[in-house]
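Undergrad: My file is structure_22.txt. It has compact mmCIF, C-alpha atoms and all ligand atoms:
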```txt
# COMPACT_ATOMS: atom_id res chain seq x y z
CA MET A 1 -50.74 71.91 -73.01
CA LYS A 2 -51.87 68.29 -72.86
CA ILE A 3 -49.15 66.43 -71.03
CA LYS A 4 -50.31 63.12 -72.52
CA GLU A 5 -49.47 64.34 -76.02
CA VAL A 6 -46.02 65.53 -74.94
CA VAL A 7 -45.40 62.16 -73.31
CA GLU A 8 -46.34 60.33 -76.52
CA VAL A 9 -43.98 62.48 -78.61
CA ALA A 10 -41.25 62.07 -76.00
CA HIS A 11 -41.58 58.30 -76.08
CA SER A 12 -41.14 58.18 -79.85
CA PHE A 13 -38.03 60.39 -79.61
CA CYS A 14 -36.10 58.53 -76.95
CA HIS A 15 -37.16 54.98 -77.72
CA PRO A 16 -34.65 54.27 -80.54
CA TYR A 17 -31.71 55.21 -78.32
CA LYS A 18 -32.70 53.41 -75.12
CA ILE A 19 -30.55 50.34 -74.39
CA THR A 20 -31.83 48.04 -71.67
CA LYS A 21 -29.97 44.88 -72.68
CA GLY A 22 -26.41 45.45 -73.71
CA LYS A 23 -25.15 42.05 -74.81
CA GLU A 24 -25.66 42.54 -78.54
CA PHE A 25 -25.02 46.28 -78.54
CA LYS A 26 -22.60 47.87 -81.01
CA LEU A 27 -21.87 51.61 -81.06
CA LYS A 28 -22.07 51.68 -84.82
CA GLN A 29 -25.81 50.91 -84.57
CA ILE A 30 -26.33 54.58 -83.74
CA ASP A 31 -25.20 57.37 -86.03
CA PRO A 32 -23.88 60.44 -84.12
CA ALA A 33 -25.41 62.66 -86.84
CA ASP A 34 -28.87 61.05 -86.64
CA THR A 35 -31.80 63.49 -86.38
CA SER A 36 -34.71 61.06 -86.88
CA GLY A 37 -38.04 62.80 -86.57
CA PHE A 38 -36.47 65.95 -87.98
CA PRO A 39 -34.98 64.63 -91.22
CA ASP A 40 -34.78 68.12 -92.74
CA GLY A 41 -32.97 69.46 -89.70
CA ASP A 42 -35.92 71.72 -88.91
CA LYS A 43 -34.32 73.43 -85.89
CA GLU A 44 -37.17 75.90 -85.37
CA LYS A 45 -39.73 73.12 -85.05
CA ALA A 46 -37.34 71.27 -82.77
CA LYS A 47 -37.01 74.33 -80.53
CA ASP A 48 -40.78 74.51 -80.22
CA VAL A 49 -41.00 70.82 -79.28
CA LEU A 50 -38.19 71.27 -76.71
CA ALA A 51 -39.97 74.27 -75.15
CA LYS A 52 -43.13 72.14 -74.70
CA GLY A 53 -40.99 69.35 -73.28
CA ILE A 54 -39.38 71.67 -70.75
CA LYS A 55 -42.81 72.77 -69.54
CA ALA A 56 -43.78 69.12 -69.13
CA ILE A 57 -40.59 68.44 -67.15
CA THR A 58 -41.40 71.38 -64.87
CA MET A 59 -44.86 69.95 -64.13
CA LEU A 60 -43.61 66.40 -63.58
CA GLN A 61 -40.74 67.54 -61.36
CA ASP A 62 -43.15 69.51 -59.19
CA MET A 63 -45.09 66.28 -58.56
CA LEU A 64 -41.90 64.29 -57.98
CA TYR A 65 -40.92 66.82 -55.30
CA ALA A 66 -44.38 66.90 -53.69
CA GLN A 67 -44.67 63.09 -53.64
CA ASP A 68 -41.22 62.84 -52.04
CA GLN A 69 -40.73 59.13 -52.72
CA TYR A 70 -38.62 58.58 -55.81
CA SER A 71 -35.33 60.28 -56.54
CA VAL A 72 -34.00 60.57 -60.10
CA LEU A 73 -30.34 60.18 -61.01
CA MET A 74 -29.23 61.35 -64.46
CA ILE A 75 -25.68 60.33 -65.39
CA PHE A 76 -23.86 62.03 -68.27
CA GLN A 77 -20.81 60.52 -69.90
CA ALA A 78 -19.11 61.64 -73.11
CA MET A 79 -15.93 62.57 -74.90
CA ASP A 80 -14.86 66.21 -74.51
CA ALA A 81 -16.95 68.83 -76.34
CA ALA A 82 -19.87 66.43 -76.81
CA GLY A 83 -22.22 68.94 -75.17
CA LYS A 84 -22.81 67.61 -71.65
CA ASP A 85 -22.89 71.08 -70.10
CA GLY A 86 -25.24 72.52 -72.75
CA ALA A 87 -27.63 69.56 -72.51
CA ILE A 88 -27.77 69.88 -68.72
CA LYS A 89 -28.29 73.65 -68.91
CA HIS A 90 -31.10 73.55 -71.46
CA VAL A 91 -33.02 70.50 -70.37
CA MET A 92 -33.05 71.48 -66.71
CA SER A 93 -33.82 75.15 -67.38
CA GLY A 94 -37.45 74.86 -66.23
CA ILE A 95 -36.67 73.04 -63.01
CA ASN A 96 -37.06 74.52 -59.56
CA PRO A 97 -33.43 74.82 -58.36
CA GLN A 98 -34.50 73.46 -54.95
CA GLY A 99 -35.38 70.17 -56.58
CA CYS A 100 -32.20 69.63 -58.54
CA GLU A 101 -28.47 69.30 -57.91
CA VAL A 102 -25.54 68.89 -60.31
CA ALA A 103 -22.32 67.16 -59.26
CA SER A 104 -19.22 67.13 -61.50
CA PHE A 105 -16.64 64.42 -61.07
CA LYS A 106 -13.09 65.28 -62.13
CA SER A 107 -9.81 63.50 -61.35
CA PRO A 108 -10.15 62.09 -57.83
CA THR A 109 -8.63 64.08 -54.95
CA SER A 110 -6.39 62.51 -52.30
CA THR A 111 -9.43 62.30 -49.98
CA ASP A 112 -11.40 60.52 -52.72
CA LEU A 113 -8.53 58.06 -53.18
CA ASP A 114 -8.62 57.24 -49.46
CA HIS A 115 -11.96 55.53 -50.16
CA ASP A 116 -13.49 53.04 -52.56
CA TYR A 117 -14.39 54.51 -55.96
CA LEU A 118 -18.15 54.73 -55.35
CA TRP A 119 -17.71 56.75 -52.16
CA ARG A 120 -17.51 60.25 -53.64
CA CYS A 121 -20.52 59.60 -55.89
CA ASN A 122 -22.53 58.13 -53.04
CA LEU A 123 -22.14 61.42 -51.14
CA LYS A 124 -23.83 63.27 -54.00
CA LEU A 125 -26.85 61.02 -54.59
CA PRO A 126 -30.15 62.90 -54.85
CA GLU A 127 -32.55 62.96 -51.91
CA ARG A 128 -36.08 61.63 -52.39
CA GLY A 129 -38.15 63.99 -54.48
CA ARG A 130 -35.06 65.46 -56.18
CA ILE A 131 -33.25 65.12 -59.47
CA GLY A 132 -29.50 64.59 -59.22
CA ILE A 133 -27.26 65.09 -62.21
CA PHE A 134 -23.83 63.50 -62.42
CA ASN A 135 -21.59 65.28 -64.92
CA ARG A 136 -19.25 62.28 -65.28
CA SER A 137 -19.48 59.61 -62.59
CA TYR A 138 -18.17 56.29 -61.30
CA TYR A 139 -18.27 55.19 -64.96
CA GLU A 140 -14.92 57.00 -65.38
CA GLU A 141 -13.55 53.96 -63.53
CA VAL A 142 -14.21 51.77 -66.58
CA LEU A 143 -13.46 54.52 -69.14
CA VAL A 144 -10.50 56.84 -68.51
CA VAL A 145 -8.99 54.36 -66.02
CA LYS A 146 -9.36 51.50 -68.50
CA VAL A 147 -7.80 53.56 -71.30
CA HIS A 148 -4.97 54.61 -68.92
CA PRO A 149 -4.51 51.60 -66.62
CA GLU A 150 -1.52 53.38 -65.02
CA PHE A 151 -4.12 55.39 -63.02
CA LEU A 152 -4.90 52.20 -61.14
CA ALA A 153 -1.54 52.44 -59.41
CA SER A 154 -2.53 55.74 -57.74
CA GLN A 155 -5.79 54.30 -56.46
CA LYS A 156 -4.13 52.54 -53.53
CA VAL A 157 -6.13 49.33 -54.03
CA PRO A 158 -4.10 46.42 -52.55
CA ALA A 159 -2.07 44.87 -55.39
CA ASP A 160 -3.45 41.36 -54.87
CA LEU A 161 -6.95 42.70 -55.58
CA VAL A 162 -5.98 44.10 -58.95
CA ASP A 163 -5.86 41.34 -61.54
CA GLU A 164 -7.05 40.62 -65.08
CA ASN A 165 -10.67 40.48 -63.83
CA ILE A 166 -10.64 44.09 -62.65
CA TRP A 167 -12.95 45.44 -65.39
CA GLU A 168 -15.41 42.54 -65.20
CA ASN A 169 -15.46 43.03 -61.43
CA ARG A 170 -16.14 46.73 -61.78
CA TYR A 171 -19.03 46.17 -64.20
CA ASP A 172 -20.41 43.69 -61.70
CA GLU A 173 -20.02 46.12 -58.79
CA ILE A 174 -21.71 48.92 -60.75
CA ARG A 175 -24.59 46.66 -61.83
CA ASN A 176 -25.17 45.63 -58.23
CA TYR A 177 -24.89 49.20 -56.94
CA GLU A 178 -27.47 50.42 -59.47
CA LYS A 179 -29.78 47.51 -58.68
CA TYR A 180 -29.56 48.40 -55.00
CA LEU A 181 -30.29 52.08 -55.67
CA SER A 182 -33.24 51.34 -57.93
CA ARG A 183 -34.72 48.92 -55.39
CA ASN A 184 -34.60 51.78 -52.90
CA GLY A 185 -36.45 54.26 -55.10
CA THR A 186 -33.68 55.89 -57.14
CA VAL A 187 -34.65 56.00 -60.80
CA ILE A 188 -31.52 55.91 -62.96
CA LEU A 189 -31.04 57.27 -66.48
CA LYS A 190 -27.61 57.13 -68.09
CA PHE A 191 -26.68 59.21 -71.14
CA PHE A 192 -23.78 58.61 -73.46
CA LEU A 193 -23.56 61.63 -75.76
CA HIS A 194 -22.33 59.94 -78.92
CA LEU A 195 -20.16 62.41 -80.84
CA SER A 196 -18.22 61.71 -84.05
CA LYS A 197 -14.46 62.25 -84.14
CA LYS A 198 -14.96 64.66 -87.03
CA GLU A 199 -17.43 66.84 -85.11
CA GLN A 200 -15.14 66.88 -82.05
CA LYS A 201 -12.33 68.27 -84.24
CA LYS A 202 -14.68 71.00 -85.52
CA ARG A 203 -15.71 71.96 -81.97
CA PHE A 204 -12.10 71.99 -80.70
CA LEU A 205 -11.10 74.30 -83.58
CA GLU A 206 -14.02 76.60 -82.73
CA ARG A 207 -12.85 76.72 -79.11
CA ILE A 208 -9.35 77.64 -80.27
CA GLU A 209 -10.46 80.25 -82.82
CA ASN A 210 -13.23 81.99 -80.83
CA PRO A 211 -11.74 84.04 -77.93
CA ASP A 212 -14.98 83.66 -75.93
CA LYS A 213 -14.60 79.91 -76.11
CA ASN A 214 -10.83 79.72 -75.42
CA TRP A 215 -11.46 78.99 -71.73
CA LYS A 216 -13.28 75.78 -72.69
CA PHE A 217 -10.24 74.29 -74.40
CA SER A 218 -7.54 72.36 -72.62
CA SER A 219 -4.52 70.85 -74.36
CA ASN A 220 -5.27 67.70 -72.39
CA ASP A 221 -8.53 67.33 -74.34
CA ALA A 222 -6.51 67.14 -77.57
CA LYS A 223 -4.19 64.56 -75.97
CA GLU A 224 -7.14 62.36 -75.00
CA ARG A 225 -8.43 62.57 -78.57
CA ALA A 226 -5.41 60.50 -79.63
CA TYR A 227 -6.94 57.59 -77.66
CA TRP A 228 -10.28 57.89 -79.49
CA ASP A 229 -10.55 54.23 -80.60
CA LYS A 230 -9.65 52.94 -77.14
CA TYR A 231 -12.31 55.19 -75.62
CA MET A 232 -14.92 53.96 -78.12
CA ASP A 233 -14.09 50.34 -77.23
CA ALA A 234 -14.37 51.20 -73.53
CA TYR A 235 -17.74 52.93 -74.03
CA GLU A 236 -19.08 50.02 -76.05
CA GLU A 237 -17.97 47.49 -73.42
CA MET A 238 -19.40 49.66 -70.64
CA ILE A 239 -22.81 49.81 -72.33
CA ARG A 240 -22.76 46.10 -73.15
CA ASN A 241 -22.08 45.28 -69.51
CA THR A 242 -24.14 47.84 -67.62
CA ALA A 243 -27.30 48.53 -69.66
CA THR A 244 -30.20 47.09 -67.68
CA LYS A 245 -33.95 47.55 -67.49
CA HIS A 246 -33.75 49.49 -64.23
CA ALA A 247 -30.69 51.54 -65.30
CA PRO A 248 -30.79 51.93 -69.09
CA TRP A 249 -28.20 53.69 -71.24
CA TYR A 250 -29.44 56.24 -73.75
CA VAL A 251 -26.97 56.49 -76.62
CA VAL A 252 -27.76 60.02 -77.76
CA PRO A 253 -26.66 61.28 -81.19
CA ALA A 254 -24.48 64.30 -80.33
CA ASP A 255 -23.31 65.85 -83.61
CA ASN A 256 -26.30 68.22 -83.54
CA LYS A 257 -26.69 69.92 -80.18
CA TRP A 258 -30.35 70.82 -80.71
CA TYR A 259 -31.14 67.13 -81.30
CA THR A 260 -29.11 65.94 -78.29
CA ARG A 261 -31.12 68.24 -76.00
CA LEU A 262 -34.38 67.01 -77.43
CA VAL A 263 -33.51 63.35 -76.87
CA VAL A 264 -32.30 63.98 -73.31
CA ALA A 265 -35.49 65.92 -72.47
CA ALA A 266 -37.63 63.22 -74.09
CA SER A 267 -35.91 60.49 -72.06
CA LEU A 268 -36.52 62.34 -68.81
CA ILE A 269 -40.19 62.98 -69.66
CA ASP A 270 -40.70 59.34 -70.68
CA THR A 271 -39.18 58.14 -67.41
CA LEU A 272 -40.98 60.60 -65.11
CA ALA A 273 -44.30 59.85 -66.83
CA SER A 274 -43.81 56.12 -66.21
CA LEU A 275 -43.61 56.68 -62.44
CA ASP A 276 -47.27 57.46 -61.99
CA LEU A 277 -46.52 60.59 -60.02
CA ALA A 278 -49.32 62.36 -58.18
CA TYR A 279 -49.69 65.12 -55.63
CA PRO A 280 -50.20 63.65 -52.16
CA LYS A 281 -53.89 63.44 -51.17
CA VAL A 282 -54.73 65.09 -47.86
CA ASP A 283 -56.74 63.18 -45.25
CA LYS A 284 -60.02 64.23 -43.55
CA ARG A 285 -58.27 65.81 -40.59
CA LYS A 286 -56.11 67.93 -42.84
CA LEU A 287 -59.19 69.04 -44.81
CA GLU A 288 -60.84 70.15 -41.57
CA GLU A 289 -57.68 72.00 -40.62
CA LEU A 290 -57.69 73.80 -44.00
CA GLU A 291 -61.33 74.76 -43.51
CA GLU A 292 -60.62 76.16 -40.02
CA SER A 293 -57.71 78.20 -41.38
CA ARG A 294 -59.86 79.52 -44.21
CA LYS A 295 -62.53 80.70 -41.76
CA ALA A 296 -59.96 82.31 -39.49
CA LEU A 297 -58.42 84.20 -42.44
CA GLU A 298 -61.83 85.33 -43.72
CA ASN A 299 -62.87 86.53 -40.26
CA GLU A 300 -59.76 88.65 -39.83
CA SER A 301 -60.73 92.25 -39.17
P1 LIG B 401 -15.50 70.27 -69.63
O1 LIG B 401 -16.70 70.25 -70.52
O2 LIG B 401 -15.41 71.54 -68.84
O3 LIG B 401 -14.24 69.92 -70.34
P2 LIG B 401 -15.10 67.87 -68.15
O4 LIG B 401 -16.11 66.97 -67.52
O5 LIG B 401 -14.34 67.31 -69.31
O6 LIG B 401 -15.84 69.18 -68.53
P3 LIG B 401 -12.55 68.48 -67.07
O7 LIG B 401 -12.11 69.21 -65.87
O8 LIG B 401 -12.10 68.93 -68.41
O9 LIG B 401 -14.12 68.36 -67.02
O10 LIG B 401 -12.08 66.98 -66.99
C1 LIG B 401 -12.30 66.14 -65.96
C2 LIG B 401 -11.34 64.99 -66.19
O11 LIG B 401 -11.35 64.20 -65.03
C3 LIG B 401 -11.75 64.13 -67.36
O12 LIG B 401 -10.69 64.00 -68.26
C4 LIG B 401 -12.07 62.79 -66.70
O13 LIG B 401 -11.73 61.71 -67.52
C5 LIG B 401 -11.21 62.87 -65.45
N1 LIG B 401 -11.69 61.95 -64.42
C6 LIG B 401 -12.93 61.88 -63.88
N2 LIG B 401 -13.02 60.85 -63.02
C7 LIG B 401 -11.80 60.25 -63.02
C8 LIG B 401 -11.27 59.13 -62.34
N3 LIG B 401 -12.00 58.41 -61.49
N4 LIG B 401 -9.98 58.81 -62.56
C9 LIG B 401 -9.23 59.55 -63.41
N5 LIG B 401 -9.67 60.61 -64.08
C10 LIG B 401 -10.95 60.97 -63.89
MG MG B 402 -12.82 68.42 -70.37
```
So that I can check it, write out the structure of this file as structure tokens.
Ligand code: ATP
Ligand code: MG
TA:
Amino acid sequence: MKIKEVVEVAHSFCHPYKITKGKEFKLKQIDPADTSGFPDGDKEKAKDVLAKGIKAITMLQDMLYAQDQYSVLMIFQAMDAAGKDGAIKHVMSGINPQGCEVASFKSPTSTDLDHDYLWRCNLKLPERGRIGIFNRSYYEEVLVVKVHPEFLASQKVPADLVDENIWENRYDEIRNYEKYLSRNGTVILKFFLHLSKKEQKKRFLERIENPDKNWKFSSNDAKERAYWDKYMDAYEEMIRNTATKHAPWYVVPADNKWYTRLVVAASLIDTLASLDLAYPKVDKRKLEELEESRKALENES
């Protein structure tokens, strides 16, 4: 496999969904059912392309790990049933488990609430050479908390610090945090899996009707669905305020799972390939050491 070819294909797949400047962004610019590149919905061809992509990710991740300089942070945000878990599972399937860690962020615990909102995420940041995946993240602070501002009351932030600027302040804090991380070698990719309300209904009904999927359904998911428009406004505002060159948002069409996985894989390949990764070169002393070891092994009786 020629990695250069895979990288070129990957670039063409992720480019239309990569947002680096949010100001003008509108969610309606991207269709959740879009499958550009595969207009006939050729899933078999798509599977083949994804398999090649996964091999490329395996090779690039091996170099990332060996080089031990950059770390990669992949953030996933979405409405329920958009396919976060499936995308993570498939795209990362070729990765050495030692080089990758997934952290899921649910409702904050009492220990979490004894700290600022970035604290629990900070604890889970990837080490150099590793890929960290956040299944939800500090972005919940400008999503679910914005849609349900009553959650703010449980956060124990002093009342005089909570005013009408709270959301602008949080966008500002997140932008600065991500700038700081990227300046220290953390490469950030943020994915919003963009699902239509219609497709969510279909997936919820499947979860209710199929006994093997019952465990995936929670009545709370259906309750949150009632706030759909508020969530969409919050997502749009979040992207408008936090999409930057060093921490772009990828707005990934999510009505077709096979396409979502392809775009996520393509975005990771495109990013890793831009880092100019290479295996560390060994110096003269190390080469001599290798030669001595080779002789010793060959001379073993
Ligand atoms: P699944 O695919 O299994 O449903 P999930 O990520 O939706 O995965 P859940 O346990 O269903 O996991 O839900 C986690 C919930 O925690 C979400 O509704 C999310 O909005 C909520 N949550 C996450 N962070 C916060 C936060 N900081 N404040 C309040 N709620 C939060
Ligand atoms: Mg859920």
Undergrad: Could you check how far CA of Val72 (chain A) sits from CA of Thr186 (chain A), in Å to one decimal?
TA: 5.5 Å
Undergrad: Please identify all protein, DNA and RNA residues within 7 Å of ligand MG 402 (chain B), counting all atoms listed in the file, and report them as a PyMOL selection string.
TA: chain A and resi 80+218+221
Undergrad: Please provide as a PyMOL selection string all residues within 12 Å of Ile131 (chain A), with the sequence filter that same-chain residues fewer than 3 positions apart are discarded (counting only C-alpha atoms).
TA: chain A and resi 57-58+60-65+68-75+88+92+95-103+124-128+134+186-189+268+272
Undergrad: Using all atoms listed in the file, I'd like a table of the residues in chain A that come within 7 Å of ligand LIG 401 (chain B); for each, show the closest atom pair and its distance in Å rounded to one decimal, ordered by chain and ascending number, as CSV.
TA:
```
residue,atom,partner,partner_atom,distance
A:Asp80,CA,B:LIG401,O5,5.3
A:Ala81,CA,B:LIG401,O1,6.0
A:Lys84,CA,B:LIG401,O1,6.8
A:Asp85,CA,B:LIG401,O1,6.3
A:Ser104,CA,B:LIG401,O4,6.8
A:Phe105,CA,B:LIG401,C6,5.3
A:Lys106,CA,B:LIG401,O11,3.6
A:Ser107,CA,B:LIG401,C10,3.8
A:Pro108,CA,B:LIG401,C8,5.5
A:Asn135,CA,B:LIG401,O4,6.3
A:Arg136,CA,B:LIG401,O4,6.1
A:Ser137,CA,B:LIG401,N2,6.6
A:Tyr138,CA,B:LIG401,N3,6.5
A:Glu140,CA,B:LIG401,N2,4.9
A:Glu141,CA,B:LIG401,N3,5.1
A:Val144,CA,B:LIG401,O13,5.1
A:Val145,CA,B:LIG401,N4,5.7
A:Phe151,CA,B:LIG401,C9,6.6
A:Lys216,CA,B:LIG401,O2,6.1
```
Undergrad: Between A:Asp233, A:Pro248, A:Val162, A:Asn210, which has the minimum distance to Arg175 (chain A) (counting all atoms listed in the file)?
TA: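 So, comparing all the options, the nearest one is A:Pro248.
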Undergrad: Please identify all polymer residues within 10 Å of Lys213 (chain A), counting all atoms listed in the file, omitting same-chain residues fewer than 6 positions from it, and present them as a ChimeraX atom specification.
TA: /A:203-207
Undergrad: Nearest to Gly37 (chain A): which of A:Val282, A:Ile174, A:Leu123, A:Cys14 is it, counting all atoms listed in the file?
TA: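 Ranking A:Val282, A:Ile174, A:Leu123, A:Cys14 by distance to Gly37 (chain A), first place goes to A:Cys14.
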Undergrad: One decimal, in Å: what's the spacing between CA of His115 (chain A) and CA of Lys245 (chain A)?
TA: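 According to the coordinates, CA of His115 (chain A) and CA of Lys245 (chain A) are separated by 29.1 Å.
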Undergrad: Rank nothing, just name the residue among A:Lys230, A:His11, A:Leu193, A:Gln155 nearest to Asn256 (chain A), using all atoms listed in the file.
TA: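 Residue with the minimum atom-to-atom distance to Asn256 (chain A): A:Leu193.
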Undergrad: Suppose you want the space between CA of Leu262 (chain A) and CA of Tyr177 (chain A); what is it in Å?
TA: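 We find that CA of Leu262 (chain A) and CA of Tyr177 (chain A) lie 28.8 Å from each other.
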Undergrad: Just want the 12 Å neighbourhood of Glu173 (chain A), counted on only C-alpha atoms, with same-chain residues fewer than 4 positions away dropped. Output as a PyMOL selection string.
TA: chain A and resi 116-118+138-139+141-142+166-169+177-180+241-242
Undergrad: Based on the selection just made, write C-alpha atoms of those residues as a PDB file, in the frame of the given file.
TA:
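See result05.pdb below for the written result:
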```pdb
ATOM      1  CA  ASP A 116     -13.490  53.040 -52.560  1.00  0.00           C
ATOM      2  CA  TYR A 117     -14.390  54.510 -55.960  1.00  0.00           C
ATOM      3  CA  LEU A 118     -18.150  54.730 -55.350  1.00  0.00           C
ATOM      4  CA  TYR A 138     -18.170  56.290 -61.300  1.00  0.00           C
ATOM      5  CA  TYR A 139     -18.270  55.190 -64.960  1.00  0.00           C
ATOM      6  CA  GLU A 141     -13.550  53.960 -63.530  1.00  0.00           C
ATOM      7  CA  VAL A 142     -14.210  51.770 -66.580  1.00  0.00           C
ATOM      8  CA  ILE A 166     -10.640  44.090 -62.650  1.00  0.00           C
ATOM      9  CA  TRP A 167     -12.950  45.440 -65.390  1.00  0.00           C
ATOM     10  CA  GLU A 168     -15.410  42.540 -65.200  1.00  0.00           C
ATOM     11  CA  ASN A 169     -15.460  43.030 -61.430  1.00  0.00           C
ATOM     12  CA  TYR A 177     -24.890  49.200 -56.940  1.00  0.00           C
ATOM     13  CA  GLU A 178     -27.470  50.420 -59.470  1.00  0.00           C
ATOM     14  CA  LYS A 179     -29.780  47.510 -58.680  1.00  0.00           C
ATOM     15  CA  TYR A 180     -29.560  48.400 -55.000  1.00  0.00           C
ATOM     16  CA  ASN A 241     -22.080  45.280 -69.510  1.00  0.00           C
ATOM     17  CA  THR A 242     -24.140  47.840 -67.620  1.00  0.00           C
TER      18      THR A 242
END
```
Undergrad: As a PDB file, in the coordinates of the input, could you write out region 277-284 of chain A once it has been completed with all heavy atoms?
TA:
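rebuild.pdb, written as the output of this step:
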```
ATOM      1  N   LEU A 277     -46.667  59.587 -61.079  1.00  0.00           N
ATOM      2  CA  LEU A 277     -46.520  60.590 -60.020  1.00  0.00           C
ATOM      3  C   LEU A 277     -47.869  61.252 -59.749  1.00  0.00           C
ATOM      4  O   LEU A 277     -48.696  61.377 -60.646  1.00  0.00           O
ATOM      5  CB  LEU A 277     -45.524  61.668 -60.465  1.00  0.00           C
ATOM      6  CG  LEU A 277     -44.108  61.185 -60.743  1.00  0.00           C
ATOM      7  CD1 LEU A 277     -43.287  62.290 -61.395  1.00  0.00           C
ATOM      8  CD2 LEU A 277     -43.436  60.721 -59.457  1.00  0.00           C
ATOM      9  N   ALA A 278     -48.075  61.659 -58.528  1.00  0.00           N
ATOM     10  CA  ALA A 278     -49.320  62.360 -58.180  1.00  0.00           C
ATOM     11  C   ALA A 278     -49.050  63.222 -56.956  1.00  0.00           C
ATOM     12  O   ALA A 278     -48.173  62.908 -56.147  1.00  0.00           O
ATOM     13  CB  ALA A 278     -50.416  61.356 -57.880  1.00  0.00           C
ATOM     14  N   TYR A 279     -49.808  64.304 -56.836  1.00  0.00           N
ATOM     15  CA  TYR A 279     -49.690  65.120 -55.630  1.00  0.00           C
ATOM     16  C   TYR A 279     -50.270  64.326 -54.463  1.00  0.00           C
ATOM     17  O   TYR A 279     -51.290  63.637 -54.626  1.00  0.00           O
ATOM     18  CB  TYR A 279     -50.451  66.440 -55.797  1.00  0.00           C
ATOM     19  CG  TYR A 279     -49.762  67.376 -56.752  1.00  0.00           C
ATOM     20  CD1 TYR A 279     -50.267  67.597 -58.029  1.00  0.00           C
ATOM     21  CD2 TYR A 279     -48.591  68.028 -56.378  1.00  0.00           C
ATOM     22  CE1 TYR A 279     -49.616  68.442 -58.918  1.00  0.00           C
ATOM     23  CE2 TYR A 279     -47.929  68.876 -57.266  1.00  0.00           C
ATOM     24  CZ  TYR A 279     -48.443  69.075 -58.528  1.00  0.00           C
ATOM     25  OH  TYR A 279     -47.802  69.895 -59.403  1.00  0.00           O
ATOM     26  N   PRO A 280     -49.663  64.410 -53.291  1.00  0.00           N
ATOM     27  CA  PRO A 280     -50.200  63.650 -52.160  1.00  0.00           C
ATOM     28  C   PRO A 280     -51.628  64.099 -51.836  1.00  0.00           C
ATOM     29  O   PRO A 280     -51.926  65.291 -51.883  1.00  0.00           O
ATOM     30  CB  PRO A 280     -49.251  64.026 -51.006  1.00  0.00           C
ATOM     31  CG  PRO A 280     -48.056  64.637 -51.641  1.00  0.00           C
ATOM     32  CD  PRO A 280     -48.470  65.192 -52.954  1.00  0.00           C
ATOM     33  N   LYS A 281     -52.496  63.131 -51.546  1.00  0.00           N
ATOM     34  CA  LYS A 281     -53.890  63.440 -51.170  1.00  0.00           C
ATOM     35  C   LYS A 281     -53.902  63.764 -49.679  1.00  0.00           C
ATOM     36  O   LYS A 281     -53.238  63.088 -48.890  1.00  0.00           O
ATOM     37  CB  LYS A 281     -54.788  62.216 -51.411  1.00  0.00           C
ATOM     38  CG  LYS A 281     -55.020  61.927 -52.888  1.00  0.00           C
ATOM     39  CD  LYS A 281     -56.404  62.406 -53.314  1.00  0.00           C
ATOM     40  CE  LYS A 281     -56.736  62.105 -54.758  1.00  0.00           C
ATOM     41  NZ  LYS A 281     -55.850  62.686 -55.753  1.00  0.00           N
ATOM     42  N   VAL A 282     -54.685  64.784 -49.290  1.00  0.00           N
ATOM     43  CA  VAL A 282     -54.730  65.090 -47.860  1.00  0.00           C
ATOM     44  C   VAL A 282     -55.883  64.324 -47.205  1.00  0.00           C
ATOM     45  O   VAL A 282     -56.909  64.070 -47.840  1.00  0.00           O
ATOM     46  CB  VAL A 282     -54.872  66.615 -47.605  1.00  0.00           C
ATOM     47  CG1 VAL A 282     -53.615  67.351 -48.043  1.00  0.00           C
ATOM     48  CG2 VAL A 282     -56.081  67.198 -48.307  1.00  0.00           C
ATOM     49  N   ASP A 283     -55.698  63.955 -45.925  1.00  0.00           N
ATOM     50  CA  ASP A 283     -56.740  63.180 -45.250  1.00  0.00           C
ATOM     51  C   ASP A 283     -57.836  64.111 -44.668  1.00  0.00           C
ATOM     52  O   ASP A 283     -57.734  65.336 -44.752  1.00  0.00           O
ATOM     53  CB  ASP A 283     -56.136  62.280 -44.156  1.00  0.00           C
ATOM     54  CG  ASP A 283     -55.394  63.085 -43.109  1.00  0.00           C
ATOM     55  OD1 ASP A 283     -55.594  64.315 -43.049  1.00  0.00           O
ATOM     56  OD2 ASP A 283     -54.604  62.489 -42.352  1.00  0.00           O
ATOM     57  N   LYS A 284     -58.853  63.478 -44.037  1.00  0.00           N
ATOM     58  CA  LYS A 284     -60.020  64.230 -43.550  1.00  0.00           C
ATOM     59  C   LYS A 284     -59.621  65.286 -42.512  1.00  0.00           C
ATOM     60  O   LYS A 284     -60.087  66.414 -42.543  1.00  0.00           O
ATOM     61  CB  LYS A 284     -61.005  63.224 -42.920  1.00  0.00           C
ATOM     62  CG  LYS A 284     -62.441  63.688 -43.037  1.00  0.00           C
ATOM     63  CD  LYS A 284     -63.413  62.595 -42.616  1.00  0.00           C
ATOM     64  CE  LYS A 284     -64.628  63.239 -41.971  1.00  0.00           C
ATOM     65  NZ  LYS A 284     -64.964  62.702 -40.666  1.00  0.00           N
TER      66      LYS A 284
END
```
